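Chemist: My structure is in run_5.txt, and what it holds is compact mmCIF, C-alpha atoms and all ligand atoms:
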```txt
# COMPACT_ATOMS: atom_id res chain seq x y z
CA MET A 1 90.81 68.98 74.99
CA THR A 2 91.30 68.11 78.68
CA LYS A 3 92.63 71.40 79.95
CA LYS A 4 90.51 73.96 81.75
CA ILE A 5 88.70 76.54 79.65
CA ALA A 6 88.00 80.11 80.73
CA LEU A 7 85.82 82.65 78.95
CA ILE A 8 86.66 86.27 79.75
CA THR A 9 84.37 89.10 78.68
CA GLY A 10 86.17 92.36 77.96
CA ALA A 11 89.62 90.87 77.40
CA THR A 12 90.83 93.70 75.17
CA ALA A 13 91.97 96.03 77.97
CA GLY A 14 92.59 96.49 81.67
CA ILE A 15 91.52 93.82 84.15
CA GLY A 16 90.23 91.39 81.50
CA LEU A 17 93.48 91.54 79.54
CA GLU A 18 95.66 90.94 82.61
CA THR A 19 93.35 88.11 83.68
CA ALA A 20 93.88 86.50 80.27
CA ARG A 21 97.64 86.76 80.78
CA ILE A 22 97.63 85.16 84.24
CA LEU A 23 95.25 82.37 83.20
CA ALA A 24 97.38 81.64 80.12
CA LYS A 25 100.44 81.45 82.37
CA ASN A 26 98.51 78.87 84.38
CA SER A 27 97.72 76.85 81.26
CA TYR A 28 94.04 77.64 80.78
CA ASN A 29 92.70 77.53 77.26
CA LEU A 30 90.97 80.85 76.71
CA ILE A 31 87.92 82.25 74.98
CA LEU A 32 88.67 85.95 74.72
CA THR A 33 85.85 88.36 73.94
CA GLY A 34 85.32 92.05 73.34
CA ARG A 35 84.35 94.46 70.59
CA ARG A 36 87.85 95.47 69.40
CA LYS A 37 88.93 92.73 67.00
CA ASP A 38 92.46 94.06 66.44
CA ARG A 39 93.17 93.90 70.17
CA LEU A 40 91.71 90.40 70.44
CA GLU A 41 93.99 89.26 67.62
CA GLU A 42 97.04 90.90 69.21
CA LEU A 43 96.31 89.16 72.51
CA LYS A 44 95.83 85.83 70.76
CA ALA A 45 99.23 86.26 69.08
CA GLU A 46 100.81 87.10 72.45
CA LEU A 47 99.27 84.26 74.46
CA SER A 48 98.98 81.33 72.03
CA SER A 49 101.58 78.66 72.68
CA ASP A 50 102.06 74.89 72.61
CA SER A 51 100.23 74.76 75.96
CA VAL A 52 97.56 77.45 75.45
CA GLU A 53 94.83 77.45 72.81
CA ILE A 54 92.81 80.58 72.19
CA GLU A 55 89.38 81.17 70.63
CA LEU A 56 88.25 84.70 69.86
CA LEU A 57 84.66 85.91 69.92
CA GLN A 58 84.03 89.48 68.85
CA PHE A 59 80.68 90.77 70.07
CA ASP A 60 78.97 93.56 71.94
CA VAL A 61 77.50 92.18 75.19
CA ARG A 62 74.61 94.65 74.89
CA SER A 63 73.15 92.69 71.98
CA LYS A 64 71.39 89.51 73.09
CA LEU A 65 71.42 88.29 69.48
CA ALA A 66 75.15 88.92 69.13
CA VAL A 67 75.88 87.17 72.44
CA ASP A 68 73.72 84.18 71.52
CA GLU A 69 75.19 83.86 68.02
CA ALA A 70 78.78 84.20 69.23
CA LEU A 71 78.40 81.62 72.00
CA ALA A 72 76.49 79.22 69.73
CA SER A 73 79.35 79.43 67.20
CA LEU A 74 81.81 77.84 69.64
CA PRO A 75 82.87 74.28 68.76
CA ALA A 76 81.31 71.72 71.14
CA ASP A 77 84.56 71.10 73.03
CA TRP A 78 84.92 74.83 73.71
CA LYS A 79 81.47 74.97 75.30
CA LYS A 80 82.86 72.97 78.24
CA ILE A 81 83.69 76.20 80.05
CA ASP A 82 85.14 75.78 83.55
CA LEU A 83 85.46 79.46 84.39
CA LEU A 84 83.43 82.48 83.28
CA VAL A 85 84.90 85.87 84.15
CA ASN A 86 82.16 88.48 83.74
CA ASN A 87 84.40 91.51 83.41
CA ALA A 88 83.12 93.63 80.48
CA GLY A 89 81.76 96.85 81.87
CA LEU A 90 82.11 100.57 82.11
CA ALA A 91 81.13 103.79 83.77
CA ALA A 92 79.87 106.53 81.45
CA GLY A 93 79.86 110.09 82.77
CA MET A 94 79.72 111.52 86.30
CA ASP A 95 76.59 113.54 86.74
CA PRO A 96 73.64 113.89 89.12
CA VAL A 97 70.48 112.05 88.17
CA ASN A 98 68.61 115.24 87.29
CA ASN A 99 71.24 116.19 84.76
CA ALA A 100 72.78 112.99 83.47
CA ASP A 101 72.82 111.79 79.87
CA VAL A 102 70.18 109.10 79.46
CA ASP A 103 72.31 107.39 76.80
CA ASP A 104 75.02 106.94 79.45
CA TRP A 105 72.50 105.19 81.68
CA GLU A 106 71.39 102.89 78.87
CA GLN A 107 74.99 102.00 78.05
CA MET A 108 75.89 101.18 81.66
CA ILE A 109 72.74 99.20 82.39
CA ASP A 110 72.84 97.36 79.05
CA THR A 111 76.52 96.44 79.42
CA ASN A 112 77.10 95.93 83.14
CA VAL A 113 73.80 94.25 83.98
CA LYS A 114 71.97 92.98 80.90
CA GLY A 115 75.12 91.95 79.00
CA LEU A 116 76.39 90.05 82.03
CA LEU A 117 73.05 88.27 82.29
CA TYR A 118 72.95 87.32 78.58
CA VAL A 119 76.38 85.69 78.74
CA THR A 120 75.76 84.08 82.13
CA ARG A 121 72.42 82.58 81.10
CA THR A 122 73.94 80.48 78.33
CA VAL A 123 77.23 79.62 79.99
CA SER A 124 75.61 78.66 83.31
CA ASN A 125 73.39 76.17 81.44
CA TRP A 126 76.50 74.56 79.95
CA MET A 127 77.99 74.41 83.46
CA ILE A 128 74.78 72.87 84.84
CA ASP A 129 74.97 70.17 82.13
CA ARG A 130 78.44 69.28 83.41
CA GLN A 131 77.64 69.86 87.12
CA SER A 132 80.81 71.90 87.39
CA GLY A 133 82.03 75.46 86.95
CA HIS A 134 82.93 78.81 88.46
CA ILE A 135 81.46 82.22 87.62
CA ILE A 136 83.41 85.25 88.77
CA SER A 137 81.82 88.64 88.19
CA ILE A 138 83.64 91.94 88.59
CA SER A 139 81.56 94.19 90.79
CA SER A 140 83.20 97.16 92.56
CA ILE A 141 83.46 99.23 95.71
CA ALA A 142 80.61 100.95 93.82
CA GLY A 143 78.64 97.74 94.38
CA LYS A 144 78.98 98.21 98.12
CA GLU A 145 78.73 101.99 98.51
CA ALA A 146 76.92 104.66 96.53
CA TYR A 147 78.51 107.99 95.69
CA PRO A 148 77.05 111.17 94.25
CA MET A 149 77.38 111.60 90.47
CA GLY A 150 77.72 107.84 90.19
CA SER A 151 74.19 106.71 90.96
CA VAL A 152 73.61 104.56 87.90
CA TYR A 153 77.11 103.08 87.78
CA CYS A 154 76.77 102.25 91.50
CA GLY A 155 73.30 100.84 90.79
CA THR A 156 74.68 98.54 88.08
CA LYS A 157 77.45 97.27 90.36
CA HIS A 158 75.01 96.74 93.26
CA ALA A 159 72.99 94.74 90.72
CA VAL A 160 76.02 92.62 89.79
CA SER A 161 76.53 91.84 93.48
CA ALA A 162 72.84 91.05 94.09
CA ILE A 163 72.53 88.89 90.98
CA SER A 164 75.66 86.99 92.03
CA LYS A 165 74.30 86.41 95.56
CA ALA A 166 71.09 84.92 94.15
CA MET A 167 72.97 82.84 91.57
CA ARG A 168 75.23 81.45 94.30
CA ILE A 169 72.14 79.93 95.92
CA GLU A 170 70.68 78.75 92.60
CA LEU A 171 73.90 77.16 91.37
CA ALA A 172 75.36 75.64 94.56
CA PRO A 173 73.26 72.46 94.11
CA HIS A 174 74.92 72.09 90.70
CA ASN A 175 78.44 72.28 92.14
CA ILE A 176 78.99 75.68 90.51
CA LYS A 177 80.87 78.34 92.44
CA VAL A 178 79.81 81.98 92.16
CA SER A 179 82.15 84.75 93.30
CA THR A 180 82.39 88.50 93.08
CA VAL A 181 85.60 90.50 93.00
CA CYS A 182 85.10 94.14 94.00
CA PRO A 183 87.96 96.52 93.25
CA GLY A 184 88.47 100.09 94.35
CA ALA A 185 90.24 102.44 91.93
CA VAL A 186 92.21 100.55 89.28
CA GLU A 187 94.19 102.51 86.69
CA THR A 188 93.03 101.08 83.35
CA GLU A 189 91.13 102.62 80.44
CA PHE A 190 88.16 102.90 82.82
CA SER A 191 88.41 106.66 83.52
CA LEU A 192 89.28 107.48 79.92
CA VAL A 193 86.08 105.69 78.90
CA ARG A 194 84.09 107.31 81.72
CA PHE A 195 85.21 110.78 80.65
CA LYS A 196 84.85 110.01 76.93
CA GLY A 197 88.49 110.34 75.95
CA ASP A 198 89.32 113.38 78.12
CA GLU A 199 92.85 112.29 79.11
CA GLU A 200 93.45 115.18 81.51
CA ARG A 201 90.28 114.53 83.48
CA ALA A 202 90.91 110.79 83.46
CA SER A 203 94.46 111.08 84.77
CA LYS A 204 93.32 113.38 87.62
CA VAL A 205 91.38 110.45 89.10
CA TYR A 206 94.71 108.82 90.01
CA ASP A 207 96.57 112.01 91.02
CA GLY A 208 98.57 111.93 94.25
CA PHE A 209 98.11 108.29 95.24
CA THR A 210 99.04 104.85 93.99
CA PRO A 211 95.96 103.17 92.54
CA LEU A 212 95.53 99.47 91.97
CA PHE A 213 96.78 98.12 88.67
CA ALA A 214 94.97 95.60 86.49
CA LYS A 215 97.53 92.95 87.44
CA ASP A 216 96.56 93.31 91.13
CA ILE A 217 92.99 92.35 90.29
CA ALA A 218 94.04 89.61 87.86
CA GLU A 219 96.13 88.08 90.66
CA THR A 220 93.12 88.30 92.99
CA ILE A 221 90.94 86.60 90.38
CA TYR A 222 93.52 83.84 90.06
CA PHE A 223 93.59 83.42 93.84
CA VAL A 224 89.80 83.04 93.83
CA VAL A 225 89.96 80.55 90.95
CA SER A 226 92.77 78.45 92.36
CA ARG A 227 91.21 77.55 95.73
CA PRO A 228 90.54 73.85 96.33
CA ALA A 229 87.24 72.38 95.13
CA HIS A 230 85.62 72.63 98.59
CA VAL A 231 86.45 76.36 99.02
CA ASN A 232 84.53 79.24 97.46
CA ILE A 233 85.51 82.86 97.93
CA ASP A 234 82.02 84.41 97.85
CA ASP A 235 83.15 88.01 97.63
CA ILE A 236 86.40 89.92 97.89
CA LEU A 237 86.95 93.68 98.20
CA VAL A 238 90.36 94.94 97.08
CA MET A 239 91.28 98.58 97.65
CA PRO A 240 94.34 100.73 97.07
CA THR A 241 96.05 101.34 100.43
CA ALA A 242 95.38 105.05 99.94
CA GLN A 243 91.63 104.57 99.30
CA ALA A 244 89.59 103.97 102.46
CA SER A 245 86.10 104.17 100.94
CA ALA A 246 84.52 104.96 97.59
CA ARG A 247 85.12 108.65 98.30
CA ASP A 248 88.07 108.81 100.72
CA PHE A 249 91.48 109.03 99.11
CA VAL A 250 94.74 110.00 100.79
CA ARG A 251 96.36 112.18 98.12
CA LYS A 252 99.85 113.62 98.58
P1 LIG B 301 88.71 98.98 80.71
O1 LIG B 301 87.98 100.11 80.09
O2 LIG B 301 90.20 99.01 80.70
O3 LIG B 301 88.23 97.60 80.06
C1 LIG B 301 86.86 97.35 79.86
C2 LIG B 301 86.67 96.08 79.02
O4 LIG B 301 85.26 95.89 78.87
C3 LIG B 301 87.26 96.22 77.64
O5 LIG B 301 87.89 95.00 77.28
C4 LIG B 301 86.06 96.46 76.76
O6 LIG B 301 86.26 95.85 75.47
C5 LIG B 301 84.97 95.68 77.50
N1 LIG B 301 83.64 96.18 77.16
C6 LIG B 301 83.09 97.38 77.50
N2 LIG B 301 81.89 97.51 76.93
C7 LIG B 301 81.65 96.36 76.23
C8 LIG B 301 80.59 95.88 75.43
N3 LIG B 301 79.49 96.63 75.22
N4 LIG B 301 80.69 94.67 74.87
C9 LIG B 301 81.79 93.91 75.07
N5 LIG B 301 82.84 94.29 75.82
C10 LIG B 301 82.78 95.51 76.38
O7 LIG B 301 88.17 98.90 82.21
P2 LIG B 301 88.53 97.96 83.45
O8 LIG B 301 89.44 96.87 83.06
O9 LIG B 301 88.90 98.84 84.57
O10 LIG B 301 87.07 97.39 83.78
C11 LIG B 301 86.76 96.02 83.84
C12 LIG B 301 85.63 95.82 84.84
O11 LIG B 301 86.08 96.20 86.13
C13 LIG B 301 84.38 96.64 84.57
O12 LIG B 301 83.25 95.83 84.82
C14 LIG B 301 84.47 97.76 85.59
O13 LIG B 301 83.20 98.27 85.93
C15 LIG B 301 85.12 97.04 86.73
N6 LIG B 301 85.79 97.86 87.73
C16 LIG B 301 86.78 98.74 87.36
C17 LIG B 301 87.40 99.52 88.31
C18 LIG B 301 88.41 100.53 87.98
O14 LIG B 301 88.67 101.43 88.82
N7 LIG B 301 89.05 100.47 86.81
C19 LIG B 301 87.05 99.38 89.73
C20 LIG B 301 86.00 98.44 90.00
C21 LIG B 301 85.42 97.70 89.02
P3 LIG B 301 85.89 96.52 74.06
O15 LIG B 301 85.89 98.01 74.24
O16 LIG B 301 86.94 96.01 73.12
O17 LIG B 301 84.55 95.96 73.76
C1 LIG B 302 85.14 101.60 89.69
C2 LIG B 302 85.49 102.23 90.98
O1 LIG B 302 85.05 104.13 92.57
O2 LIG B 302 85.36 104.66 90.19
O3 LIG B 302 84.17 100.61 89.87
O4 LIG B 302 83.33 103.68 90.99
S1 LIG B 302 84.76 103.73 91.17
```
In structure tokens, write the structure found in this file.
Modeler:
Amino acid sequence: MTKKIALITGATAGIGLETARILAKNSYNLILTGRRKDRLEELKAELSSDSVEIELLQFDVRSKLAVDEALASLPADWKKIDLLVNNAGLAAGMDPVNNADVDDWEQMIDTNVKGLLYVTRTVSNWMIDRQSGHIISISSIAGKEAYPMGSVYCGTKHAVSAISKAMRIELAPHNIKVSTVCPGAVETEFSLVRFKGDEERASKVYDGFTPLFAKDIAETIYFVVSRPAHVNIDDILVMPTAQASARDFVRK
């Protein structure tokens, strides 16, 4: 297998799914991961071709054991990962700290921070062995600004940005690029998840303005990935035109 290999966490929906599509179009072989097996299989059926091979790994990034077992199960050739896209993540709830659901905090911290670290630890060692690789983590405008009712989500995304900054310094001597992509509001399943299936509340988030779509971020990720070897995009913030900060939306 001489083609480039990308592993995408959270490829079953939204940004991860569109990133899988654009990387497949650009002839990457893909390791697609997530918890929803049916969706992984559907995506494999859609993207497999004579020029694109797909491996599926179904696991919950919150479980270190599950992450370790899934990654260890990859055939040796598939461990030669060129690109890791740390995308799996979520917001759960919108509440002030004094009133928020502690389980929501655990879920966000365990997924967005600890899960990202579990996957990155193993994959970065494989990249170090080969003295080559690129790790792109999806942070957020919430990793640059903090907003009320979003303290813990913002905290997890600030953590993704900080961890990535430190890793950039650790991994540069090993010829490994580290980048963050920070989107503003993207219409995916994100708000439906945040509001626990409340479709009306979720759709209100995008009322009166044109949000980003998952494809916009997938295209940004591909731009970051496709720079020449001597160029690293450290960090990129992508906002809807109608969103000027985490809290300022122009709604018509
Ligand atoms: P979606 O809800 O559409 O997709 C989230 C993906 O993450 C799914 O594939 C889901 O897969 C996966 N995921 C969530 N929890 C876990 C878990 N415990 N284990 C494994 N996979 C998991 O949201 P988006 O595409 O919008 O979000 C992708 C990333 O982008 C997140 O990190 C999010 O914080 C970030 N982001 C999103 C923005 C937005 O406005 N939408 C803006 C800025 C950043 P499955 O459920 O099958 O496990
Ligand atoms: C998602 C963007 O503004 O909903 O990271 O927190 S926001």
Chemist: Name the residues, by chain letter and number, that sit within 9 Å of ligand LIG 302 (chain B) using all atoms listed in the file, and give them as a PyMOL selection string.
Modeler: chain A and resi 90-91+138-143+145-147+150+153-154+157+182-186+190-191+194+205+245-247
Chemist: Considering only C-alpha atoms and all ligand atoms, state which residue in the set A:Asp77, A:Glu170, A:Asp104, A:Glu189 is at the smallest distance from ligand LIG 301 (chain B).
Modeler: A:Glu189
Chemist: Report as a list in words all protein, DNA and RNA residues lying within 9 Å of Ile128 (chain A), evaluated on all atoms listed in the file, omitting residues in the same chain fewer than 4 positions from it.
Modeler: Val123, Ser124, Ser132, Gly133, Leu171, His174, Asn175 and Ile176 of chain A
Chemist: Please determine, counting all atoms listed in the file, which residue among A:Tyr28, A:Lys64, A:Arg35, A:Ile109 has the shortest atom-to-atom distance to Ser49 (chain A).
Modeler: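 Counting all atoms listed in the file, the residue closest to Ser49 (chain A) is A:Tyr28.
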Chemist: Select all residues near (91.2, 96.0, 83.7) (cut-off 8 Å, inclusive, file coordinates), counting all atoms listed in the file, and output them as a ChimeraX atom specification.
Modeler: /A:13-18,186-190,213-215,217
Chemist: Tell me, as a PyMOL selection string, which residues lie within 12 Å of Lys37 (chain A), counting only C-alpha atoms; anything in the same chain fewer than 3 positions away does not count.
Modeler: chain A and resi 10-13+32-34+40-44+56-60
Chemist: Can you measure CA of His230 (chain A) to CA of Ala172 (chain A) for me? One decimal in Å is fine.
Modeler: 11.4 Å
